[in-house]
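Asker: Next comes input-v4.txt, compact mmCIF, N, CA and C atoms:
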```txt
# COMPACT_ATOMS: atom_id res chain seq x y z
N MET L 1 103.95 -234.12 117.17
CA MET L 1 104.13 -232.76 117.63
C MET L 1 103.54 -232.62 119.02
N THR L 2 104.21 -231.83 119.77
CA THR L 2 103.73 -231.61 121.13
C THR L 2 102.78 -230.44 121.15
N ASP L 3 102.06 -230.33 122.23
CA ASP L 3 101.09 -229.25 122.37
C ASP L 3 101.75 -227.87 122.31
N LYS L 4 102.96 -227.79 122.89
CA LYS L 4 103.67 -226.50 122.89
C LYS L 4 104.00 -226.08 121.46
N LYS L 5 104.45 -227.01 120.62
CA LYS L 5 104.79 -226.67 119.24
C LYS L 5 103.55 -226.25 118.45
N VAL L 6 102.44 -226.93 118.68
CA VAL L 6 101.19 -226.60 117.98
C VAL L 6 100.74 -225.19 118.37
N TRP L 7 100.79 -224.87 119.66
CA TRP L 7 100.41 -223.53 120.11
C TRP L 7 101.38 -222.47 119.59
N ALA L 8 102.65 -222.79 119.54
CA ALA L 8 103.64 -221.84 119.03
C ALA L 8 103.41 -221.57 117.54
N ILE L 9 103.17 -222.63 116.76
CA ILE L 9 102.91 -222.45 115.33
C ILE L 9 101.61 -221.66 115.14
N GLY L 10 100.60 -221.95 115.94
CA GLY L 10 99.33 -221.21 115.86
C GLY L 10 99.50 -219.74 116.20
N ALA L 11 100.29 -219.47 117.23
CA ALA L 11 100.52 -218.08 117.64
C ALA L 11 101.30 -217.31 116.58
N VAL L 12 102.34 -217.94 116.02
CA VAL L 12 103.14 -217.30 114.97
C VAL L 12 102.28 -217.04 113.74
N THR L 13 101.46 -218.03 113.37
CA THR L 13 100.57 -217.86 112.21
C THR L 13 99.60 -216.71 112.45
N PHE L 14 99.04 -216.64 113.64
CA PHE L 14 98.12 -215.57 113.98
C PHE L 14 98.80 -214.21 113.90
N LEU L 15 99.99 -214.12 114.48
CA LEU L 15 100.72 -212.85 114.47
C LEU L 15 101.10 -212.43 113.04
N LEU L 16 101.51 -213.37 112.22
CA LEU L 16 101.83 -213.05 110.83
C LEU L 16 100.59 -212.57 110.08
N GLY L 17 99.47 -213.22 110.33
CA GLY L 17 98.21 -212.80 109.68
C GLY L 17 97.78 -211.43 110.14
N ALA L 18 97.88 -211.17 111.44
CA ALA L 18 97.50 -209.86 111.97
C ALA L 18 98.42 -208.78 111.43
N GLY L 19 99.72 -209.08 111.36
CA GLY L 19 100.67 -208.10 110.82
C GLY L 19 100.40 -207.81 109.36
N ALA L 20 100.09 -208.84 108.59
CA ALA L 20 99.76 -208.63 107.17
C ALA L 20 98.49 -207.80 107.03
N ALA L 21 97.51 -208.03 107.87
CA ALA L 21 96.27 -207.25 107.82
C ALA L 21 96.53 -205.78 108.13
N VAL L 22 97.39 -205.51 109.09
CA VAL L 22 97.73 -204.13 109.44
C VAL L 22 98.45 -203.44 108.28
N VAL L 23 99.38 -204.16 107.66
CA VAL L 23 100.13 -203.59 106.54
C VAL L 23 99.20 -203.28 105.37
N VAL L 24 98.32 -204.21 105.03
CA VAL L 24 97.39 -204.00 103.92
C VAL L 24 96.43 -202.86 104.23
N THR L 25 95.93 -202.80 105.44
CA THR L 25 95.01 -201.73 105.83
C THR L 25 95.68 -200.37 105.78
N ALA L 26 96.91 -200.29 106.20
CA ALA L 26 97.62 -199.02 106.18
C ALA L 26 97.94 -198.59 104.76
N ALA L 27 98.18 -199.55 103.88
CA ALA L 27 98.54 -199.22 102.50
C ALA L 27 97.34 -198.74 101.70
N VAL L 28 96.15 -199.22 102.01
CA VAL L 28 94.95 -198.84 101.28
C VAL L 28 94.30 -197.68 102.01
N ASP L 29 94.14 -196.55 101.30
CA ASP L 29 93.52 -195.36 101.89
C ASP L 29 92.12 -195.22 101.35
N ASP L 30 91.14 -195.68 102.14
CA ASP L 30 89.75 -195.61 101.71
C ASP L 30 89.08 -194.30 102.10
N ALA L 31 89.77 -193.47 102.84
CA ALA L 31 89.16 -192.23 103.30
C ALA L 31 88.91 -191.32 102.10
N PRO L 32 87.73 -190.70 102.07
CA PRO L 32 87.45 -189.78 100.96
C PRO L 32 88.39 -188.58 101.02
N LYS L 33 88.74 -188.09 99.87
CA LYS L 33 89.62 -186.93 99.82
C LYS L 33 88.82 -185.70 100.24
N VAL L 34 89.40 -184.90 101.08
CA VAL L 34 88.74 -183.70 101.58
C VAL L 34 89.10 -182.55 100.65
N THR L 35 88.09 -181.87 100.19
CA THR L 35 88.32 -180.69 99.36
C THR L 35 87.85 -179.47 100.12
N VAL L 36 88.51 -178.38 99.85
CA VAL L 36 88.15 -177.13 100.51
C VAL L 36 87.58 -176.22 99.45
N GLN L 37 86.40 -175.73 99.74
CA GLN L 37 85.76 -174.82 98.79
C GLN L 37 86.49 -173.48 98.80
N PRO L 38 86.75 -172.93 97.62
CA PRO L 38 87.42 -171.65 97.59
C PRO L 38 86.56 -170.57 98.22
N GLU L 39 87.22 -169.60 98.74
CA GLU L 39 86.51 -168.50 99.37
C GLU L 39 85.66 -167.78 98.33
N SER L 40 84.52 -167.30 98.75
CA SER L 40 83.62 -166.60 97.84
C SER L 40 84.32 -165.40 97.24
N ALA L 41 84.25 -165.30 95.93
CA ALA L 41 84.92 -164.19 95.23
C ALA L 41 84.31 -162.86 95.63
N ALA L 42 82.98 -162.82 95.80
CA ALA L 42 82.33 -161.56 96.13
C ALA L 42 82.79 -161.04 97.49
N ALA L 43 82.95 -161.94 98.44
CA ALA L 43 83.35 -161.51 99.78
C ALA L 43 84.81 -161.10 99.84
N SER L 44 85.66 -161.79 99.09
CA SER L 44 87.08 -161.51 99.20
C SER L 44 87.52 -160.33 98.35
N ASP L 45 86.73 -159.96 97.33
CA ASP L 45 87.12 -158.87 96.44
C ASP L 45 86.67 -157.50 96.93
N ILE L 46 85.84 -157.45 97.92
CA ILE L 46 85.33 -156.16 98.40
C ILE L 46 86.42 -155.49 99.24
N PRO L 47 86.81 -154.28 98.84
CA PRO L 47 87.82 -153.56 99.62
C PRO L 47 87.33 -153.30 101.05
N GLN L 48 88.25 -153.23 101.97
CA GLN L 48 87.88 -153.04 103.38
C GLN L 48 88.04 -151.60 103.86
N THR L 49 88.80 -150.79 103.14
CA THR L 49 89.01 -149.41 103.56
C THR L 49 88.09 -148.48 102.79
N ARG L 50 87.85 -147.31 103.36
CA ARG L 50 86.98 -146.33 102.69
C ARG L 50 87.59 -145.92 101.36
N GLY L 51 88.90 -145.65 101.34
CA GLY L 51 89.56 -145.25 100.09
C GLY L 51 89.46 -146.34 99.03
N GLY L 52 89.65 -147.56 99.45
CA GLY L 52 89.53 -148.68 98.52
C GLY L 52 88.13 -148.84 97.98
N LEU L 53 87.15 -148.65 98.85
CA LEU L 53 85.75 -148.73 98.42
C LEU L 53 85.40 -147.62 97.44
N VAL L 54 85.87 -146.41 97.71
CA VAL L 54 85.59 -145.28 96.82
C VAL L 54 86.21 -145.54 95.45
N ALA L 55 87.45 -146.03 95.43
CA ALA L 55 88.12 -146.30 94.15
C ALA L 55 87.39 -147.41 93.39
N ALA L 56 87.00 -148.47 94.07
CA ALA L 56 86.30 -149.57 93.41
C ALA L 56 84.92 -149.14 92.93
N TRP L 57 84.22 -148.37 93.74
CA TRP L 57 82.89 -147.87 93.38
C TRP L 57 83.00 -146.96 92.16
N THR L 58 83.99 -146.09 92.15
CA THR L 58 84.21 -145.19 91.02
C THR L 58 84.47 -145.99 89.75
N ALA L 59 85.27 -147.04 89.84
CA ALA L 59 85.56 -147.87 88.67
C ALA L 59 84.30 -148.56 88.15
N GLU L 60 83.47 -149.06 89.06
CA GLU L 60 82.23 -149.72 88.64
C GLU L 60 81.26 -148.72 88.02
N LEU L 61 81.21 -147.51 88.58
CA LEU L 61 80.35 -146.48 87.99
C LEU L 61 80.84 -146.10 86.60
N LYS L 62 82.17 -146.04 86.43
CA LYS L 62 82.74 -145.70 85.13
C LYS L 62 82.37 -146.76 84.09
N LYS L 63 82.37 -148.03 84.48
CA LYS L 63 81.98 -149.11 83.57
C LYS L 63 80.54 -148.92 83.09
N ALA L 64 79.69 -148.41 83.98
CA ALA L 64 78.28 -148.23 83.65
C ALA L 64 78.02 -146.88 82.98
N GLY L 65 79.07 -146.05 82.84
CA GLY L 65 78.90 -144.73 82.24
C GLY L 65 78.24 -143.73 83.18
N LYS L 66 78.45 -143.92 84.45
CA LYS L 66 77.85 -143.04 85.45
C LYS L 66 78.94 -142.35 86.24
N ALA L 67 78.54 -141.36 87.03
CA ALA L 67 79.47 -140.65 87.91
C ALA L 67 78.93 -140.73 89.34
N LYS L 68 79.80 -140.46 90.29
CA LYS L 68 79.37 -140.46 91.70
C LYS L 68 78.34 -139.34 91.89
N PRO L 69 77.34 -139.58 92.71
CA PRO L 69 76.33 -138.55 92.96
C PRO L 69 76.90 -137.40 93.77
N GLU L 70 76.27 -136.26 93.66
CA GLU L 70 76.70 -135.11 94.45
C GLU L 70 76.50 -135.42 95.93
N GLY L 71 77.42 -134.97 96.73
CA GLY L 71 77.33 -135.18 98.17
C GLY L 71 77.74 -136.58 98.60
N TRP L 72 78.39 -137.32 97.72
CA TRP L 72 78.78 -138.68 98.06
C TRP L 72 79.77 -138.71 99.23
N GLU L 73 80.48 -137.58 99.43
CA GLU L 73 81.46 -137.52 100.51
C GLU L 73 80.80 -137.69 101.88
N MET L 74 79.51 -137.37 101.97
CA MET L 74 78.79 -137.46 103.24
C MET L 74 78.33 -138.89 103.55
N LEU L 75 78.45 -139.80 102.58
CA LEU L 75 78.03 -141.18 102.80
C LEU L 75 78.98 -141.86 103.79
N THR L 76 78.42 -142.75 104.57
CA THR L 76 79.26 -143.53 105.48
C THR L 76 79.98 -144.62 104.68
N THR L 77 80.97 -145.24 105.29
CA THR L 77 81.70 -146.31 104.63
C THR L 77 80.76 -147.47 104.29
N ASP L 78 79.85 -147.79 105.19
CA ASP L 78 78.89 -148.87 104.93
C ASP L 78 77.96 -148.52 103.78
N GLU L 79 77.54 -147.28 103.67
CA GLU L 79 76.69 -146.87 102.55
C GLU L 79 77.45 -146.96 101.23
N ILE L 80 78.71 -146.57 101.24
CA ILE L 80 79.52 -146.67 100.02
C ILE L 80 79.70 -148.14 99.65
N ARG L 81 79.94 -148.99 100.65
CA ARG L 81 80.08 -150.43 100.40
C ARG L 81 78.79 -150.97 99.76
N GLY L 82 77.64 -150.58 100.28
CA GLY L 82 76.36 -151.02 99.73
C GLY L 82 76.16 -150.56 98.30
N ARG L 83 76.51 -149.33 98.04
CA ARG L 83 76.36 -148.82 96.67
C ARG L 83 77.34 -149.49 95.72
N TYR L 84 78.54 -149.76 96.20
CA TYR L 84 79.52 -150.45 95.37
C TYR L 84 79.02 -151.85 95.01
N VAL L 85 78.56 -152.60 96.01
CA VAL L 85 78.07 -153.96 95.76
C VAL L 85 76.87 -153.93 94.82
N SER L 86 75.96 -152.97 95.02
CA SER L 86 74.80 -152.84 94.13
C SER L 86 75.24 -152.58 92.70
N GLN L 87 76.25 -151.73 92.53
CA GLN L 87 76.73 -151.42 91.18
C GLN L 87 77.42 -152.61 90.55
N VAL L 88 78.13 -153.40 91.35
CA VAL L 88 78.76 -154.62 90.82
C VAL L 88 77.69 -155.55 90.27
N PHE L 89 76.61 -155.74 91.02
CA PHE L 89 75.52 -156.60 90.55
C PHE L 89 74.82 -156.00 89.35
N ALA L 90 74.66 -154.69 89.31
CA ALA L 90 74.03 -154.04 88.17
C ALA L 90 74.89 -154.20 86.91
N ASN L 91 76.21 -154.21 87.07
CA ASN L 91 77.12 -154.35 85.93
C ASN L 91 77.31 -155.80 85.49
N ALA L 92 76.83 -156.73 86.28
CA ALA L 92 77.03 -158.15 85.95
C ALA L 92 76.30 -158.47 84.65
N PRO L 93 76.90 -159.32 83.81
CA PRO L 93 76.26 -159.66 82.54
C PRO L 93 75.00 -160.50 82.75
N ASP L 94 74.07 -160.35 81.82
CA ASP L 94 72.86 -161.18 81.85
C ASP L 94 73.19 -162.56 81.29
N ALA L 95 72.34 -163.52 81.56
CA ALA L 95 72.54 -164.88 81.08
C ALA L 95 72.57 -164.91 79.55
N LYS L 96 71.74 -164.10 78.92
CA LYS L 96 71.70 -164.10 77.45
C LYS L 96 73.01 -163.57 76.86
N ASP L 97 73.72 -162.72 77.62
CA ASP L 97 75.01 -162.22 77.15
C ASP L 97 76.11 -163.26 77.34
N ILE L 98 75.98 -164.07 78.38
CA ILE L 98 76.97 -165.10 78.64
C ILE L 98 76.83 -166.24 77.65
N ASP L 99 75.59 -166.71 77.45
CA ASP L 99 75.32 -167.83 76.55
C ASP L 99 74.08 -167.50 75.74
N PRO L 100 74.27 -166.85 74.58
CA PRO L 100 73.10 -166.41 73.79
C PRO L 100 72.20 -167.55 73.33
N GLY L 101 72.72 -168.75 73.18
CA GLY L 101 71.92 -169.87 72.70
C GLY L 101 71.18 -170.60 73.80
N MET L 102 71.30 -170.15 75.03
CA MET L 102 70.70 -170.84 76.15
C MET L 102 69.18 -170.68 76.12
N VAL L 103 68.48 -171.78 76.27
CA VAL L 103 67.02 -171.75 76.26
C VAL L 103 66.55 -171.77 77.70
N LYS L 104 65.65 -170.85 78.01
CA LYS L 104 65.12 -170.78 79.37
C LYS L 104 64.15 -171.93 79.58
N ARG L 105 64.38 -172.68 80.64
CA ARG L 105 63.50 -173.79 80.96
C ARG L 105 62.38 -173.28 81.84
N GLY L 106 61.21 -173.72 81.61
CA GLY L 106 60.11 -173.18 82.38
C GLY L 106 59.24 -174.15 82.97
```
Any chance you could put this one into structure tokens?

Answerer:
Amino acid sequence: MTDKKVWAIGAVTFLLGAGAAVVVTAAVDDAPKVTVQPESAAASDIPQTRGGLVAAWTAELKKAGKAKPEGWEMLTTDEIRGRYVSQVFANAPDAKDIDPGMVKRG
């Protein structure tokens, strides 16, 4: 064999090996799967309009057996939002109601 044939066979072998490596690398996806955390339920469920806040606040008060306080019309939208969120947390179930058999670790 001549030197040219040896170099040609070496070059072809190298190119075939490099091509196979590229194909195998492209076929195997080692990248971790990206997950997106769902948007916070508390942030997305809060109404953005005054009317929506009043309706939601009224519903939460009704669940608790309460009524809107006198003069509530004078509250700002932010104050109504704060009272609504506070009432949502007040209405949230306790851990003992969710899982009565749960033992508190201390």

Asker: With a distance cut-off of 12 Å and only C-alpha atoms, select the neighbouring residues of L:Gln48, excluding the residue or stretch itself and same-chain residues fewer than 6 positions from it, and output the selection as a ChimeraX atom specification.

Answerer: /L:54-56,77-78,80-81,84

Asker: Could you take the residues named above and write them with N, CA and C atoms, as a compact mmCIF listing (two decimals), in the coordinates of the input?

Answerer:
```txt
# COMPACT_ATOMS: atom_id res chain seq x y z
N VAL L 54 85.87 -146.41 97.71
CA VAL L 54 85.59 -145.28 96.82
C VAL L 54 86.21 -145.54 95.45
N ALA L 55 87.45 -146.03 95.43
CA ALA L 55 88.12 -146.30 94.15
C ALA L 55 87.39 -147.41 93.39
N ALA L 56 87.00 -148.47 94.07
CA ALA L 56 86.30 -149.57 93.41
C ALA L 56 84.92 -149.14 92.93
N THR L 77 80.97 -145.24 105.29
CA THR L 77 81.70 -146.31 104.63
C THR L 77 80.76 -147.47 104.29
N ASP L 78 79.85 -147.79 105.19
CA ASP L 78 78.89 -148.87 104.93
C ASP L 78 77.96 -148.52 103.78
N ILE L 80 78.71 -146.57 101.24
CA ILE L 80 79.52 -146.67 100.02
C ILE L 80 79.70 -148.14 99.65
N ARG L 81 79.94 -148.99 100.65
CA ARG L 81 80.08 -150.43 100.40
C ARG L 81 78.79 -150.97 99.76
N TYR L 84 78.54 -149.76 96.20
CA TYR L 84 79.52 -150.45 95.37
C TYR L 84 79.02 -151.85 95.01
```

Asker: Which residue, L:Asp3, L:Leu15, L:Glu60, L:Thr49, has the smallest gap to L:Asn91 when you use only N, CA and C atoms?

Answerer: L:Glu60

Asker: Measure the distance from atom CA of L:Ala21 to atom C of L:Val6 in Å and round it to one decimal.

Answerer: 21.3 Å

Asker: Provide the atom C of L:Leu16 to atom N of L:Lys4 distance in Å, to one decimal place.

Answerer: 20.0 Å

Asker: Can you work out the spacing between atom C of L:Val85 and atom N of L:Lys63 in Å, to one decimal?

Answerer: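 Between atom C of L:Val85 and atom N of L:Lys63 the gap works out to 13.1 Å.
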
Asker: Compare L:Lys5, L:Lys62, L:Arg83, L:Lys96 by their minimum atom-to-atom distance to L:Ile46, counting only C-alpha atoms, and give me the closest one.

Answerer: L:Arg83

Asker: According to DSSP computed on the backbone, where in stretch 7-83 of chain L is there alpha helix (DSSP H)? Give the residues as a VMD selection string.

Answerer: chain L and resid 7 to 27 41 to 45 50 to 63 77 to 83

Asker: Would you write out those residues with N, CA and C atoms, as a short mmCIF file (atom, residue, chain, number, x, y, z; two decimals), in the coordinates of the input?

Answerer:
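Final output, saved to again17.cif:
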```cif
data_model
loop_
_atom_site.label_atom_id
_atom_site.label_comp_id
_atom_site.auth_asym_id
_atom_site.auth_seq_id
_atom_site.Cartn_x
_atom_site.Cartn_y
_atom_site.Cartn_z
N TRP L 7 100.79 -224.87 119.66
CA TRP L 7 100.41 -223.53 120.11
C TRP L 7 101.38 -222.47 119.59
N ALA L 8 102.65 -222.79 119.54
CA ALA L 8 103.64 -221.84 119.03
C ALA L 8 103.41 -221.57 117.54
N ILE L 9 103.17 -222.63 116.76
CA ILE L 9 102.91 -222.45 115.33
C ILE L 9 101.61 -221.66 115.14
N GLY L 10 100.60 -221.95 115.94
CA GLY L 10 99.33 -221.21 115.86
C GLY L 10 99.50 -219.74 116.20
N ALA L 11 100.29 -219.47 117.23
CA ALA L 11 100.52 -218.08 117.64
C ALA L 11 101.30 -217.31 116.58
N VAL L 12 102.34 -217.94 116.02
CA VAL L 12 103.14 -217.30 114.97
C VAL L 12 102.28 -217.04 113.74
N THR L 13 101.46 -218.03 113.37
CA THR L 13 100.57 -217.86 112.21
C THR L 13 99.60 -216.71 112.45
N PHE L 14 99.04 -216.64 113.64
CA PHE L 14 98.12 -215.57 113.98
C PHE L 14 98.80 -214.21 113.90
N LEU L 15 99.99 -214.12 114.48
CA LEU L 15 100.72 -212.85 114.47
C LEU L 15 101.10 -212.43 113.04
N LEU L 16 101.51 -213.37 112.22
CA LEU L 16 101.83 -213.05 110.83
C LEU L 16 100.59 -212.57 110.08
N GLY L 17 99.47 -213.22 110.33
CA GLY L 17 98.21 -212.80 109.68
C GLY L 17 97.78 -211.43 110.14
N ALA L 18 97.88 -211.17 111.44
CA ALA L 18 97.50 -209.86 111.97
C ALA L 18 98.42 -208.78 111.43
N GLY L 19 99.72 -209.08 111.36
CA GLY L 19 100.67 -208.10 110.82
C GLY L 19 100.40 -207.81 109.36
N ALA L 20 100.09 -208.84 108.59
CA ALA L 20 99.76 -208.63 107.17
C ALA L 20 98.49 -207.80 107.03
N ALA L 21 97.51 -208.03 107.87
CA ALA L 21 96.27 -207.25 107.82
C ALA L 21 96.53 -205.78 108.13
N VAL L 22 97.39 -205.51 109.09
CA VAL L 22 97.73 -204.13 109.44
C VAL L 22 98.45 -203.44 108.28
N VAL L 23 99.38 -204.16 107.66
CA VAL L 23 100.13 -203.59 106.54
C VAL L 23 99.20 -203.28 105.37
N VAL L 24 98.32 -204.21 105.03
CA VAL L 24 97.39 -204.00 103.92
C VAL L 24 96.43 -202.86 104.23
N THR L 25 95.93 -202.80 105.44
CA THR L 25 95.01 -201.73 105.83
C THR L 25 95.68 -200.37 105.78
N ALA L 26 96.91 -200.29 106.20
CA ALA L 26 97.62 -199.02 106.18
C ALA L 26 97.94 -198.59 104.76
N ALA L 27 98.18 -199.55 103.88
CA ALA L 27 98.54 -199.22 102.50
C ALA L 27 97.34 -198.74 101.70
N ALA L 41 84.25 -165.30 95.93
CA ALA L 41 84.92 -164.19 95.23
C ALA L 41 84.31 -162.86 95.63
N ALA L 42 82.98 -162.82 95.80
CA ALA L 42 82.33 -161.56 96.13
C ALA L 42 82.79 -161.04 97.49
N ALA L 43 82.95 -161.94 98.44
CA ALA L 43 83.35 -161.51 99.78
C ALA L 43 84.81 -161.10 99.84
N SER L 44 85.66 -161.79 99.09
CA SER L 44 87.08 -161.51 99.20
C SER L 44 87.52 -160.33 98.35
N ASP L 45 86.73 -159.96 97.33
CA ASP L 45 87.12 -158.87 96.44
C ASP L 45 86.67 -157.50 96.93
N ARG L 50 87.85 -147.31 103.36
CA ARG L 50 86.98 -146.33 102.69
C ARG L 50 87.59 -145.92 101.36
N GLY L 51 88.90 -145.65 101.34
CA GLY L 51 89.56 -145.25 100.09
C GLY L 51 89.46 -146.34 99.03
N GLY L 52 89.65 -147.56 99.45
CA GLY L 52 89.53 -148.68 98.52
C GLY L 52 88.13 -148.84 97.98
N LEU L 53 87.15 -148.65 98.85
CA LEU L 53 85.75 -148.73 98.42
C LEU L 53 85.40 -147.62 97.44
N VAL L 54 85.87 -146.41 97.71
CA VAL L 54 85.59 -145.28 96.82
C VAL L 54 86.21 -145.54 95.45
N ALA L 55 87.45 -146.03 95.43
CA ALA L 55 88.12 -146.30 94.15
C ALA L 55 87.39 -147.41 93.39
N ALA L 56 87.00 -148.47 94.07
CA ALA L 56 86.30 -149.57 93.41
C ALA L 56 84.92 -149.14 92.93
N TRP L 57 84.22 -148.37 93.74
CA TRP L 57 82.89 -147.87 93.38
C TRP L 57 83.00 -146.96 92.16
N THR L 58 83.99 -146.09 92.15
CA THR L 58 84.21 -145.19 91.02
C THR L 58 84.47 -145.99 89.75
N ALA L 59 85.27 -147.04 89.84
CA ALA L 59 85.56 -147.87 88.67
C ALA L 59 84.30 -148.56 88.15
N GLU L 60 83.47 -149.06 89.06
CA GLU L 60 82.23 -149.72 88.64
C GLU L 60 81.26 -148.72 88.02
N LEU L 61 81.21 -147.51 88.58
CA LEU L 61 80.35 -146.48 87.99
C LEU L 61 80.84 -146.10 86.60
N LYS L 62 82.17 -146.04 86.43
CA LYS L 62 82.74 -145.70 85.13
C LYS L 62 82.37 -146.76 84.09
N LYS L 63 82.37 -148.03 84.48
CA LYS L 63 81.98 -149.11 83.57
C LYS L 63 80.54 -148.92 83.09
N THR L 77 80.97 -145.24 105.29
CA THR L 77 81.70 -146.31 104.63
C THR L 77 80.76 -147.47 104.29
N ASP L 78 79.85 -147.79 105.19
CA ASP L 78 78.89 -148.87 104.93
C ASP L 78 77.96 -148.52 103.78
N GLU L 79 77.54 -147.28 103.67
CA GLU L 79 76.69 -146.87 102.55
C GLU L 79 77.45 -146.96 101.23
N ILE L 80 78.71 -146.57 101.24
CA ILE L 80 79.52 -146.67 100.02
C ILE L 80 79.70 -148.14 99.65
N ARG L 81 79.94 -148.99 100.65
CA ARG L 81 80.08 -150.43 100.40
C ARG L 81 78.79 -150.97 99.76
N GLY L 82 77.64 -150.58 100.28
CA GLY L 82 76.36 -151.02 99.73
C GLY L 82 76.16 -150.56 98.30
N ARG L 83 76.51 -149.33 98.04
CA ARG L 83 76.36 -148.82 96.67
C ARG L 83 77.34 -149.49 95.72
#
```

Asker: Considering only C-alpha atoms, state which residue in the set L:Thr25, L:Val12, L:Lys33, L:Gln87 is at the smallest distance from L:Ala67.

Answerer: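 Checking each of L:Thr25, L:Val12, L:Lys33, L:Gln87 against L:Ala67, counting only C-alpha atoms, the winner is L:Gln87.
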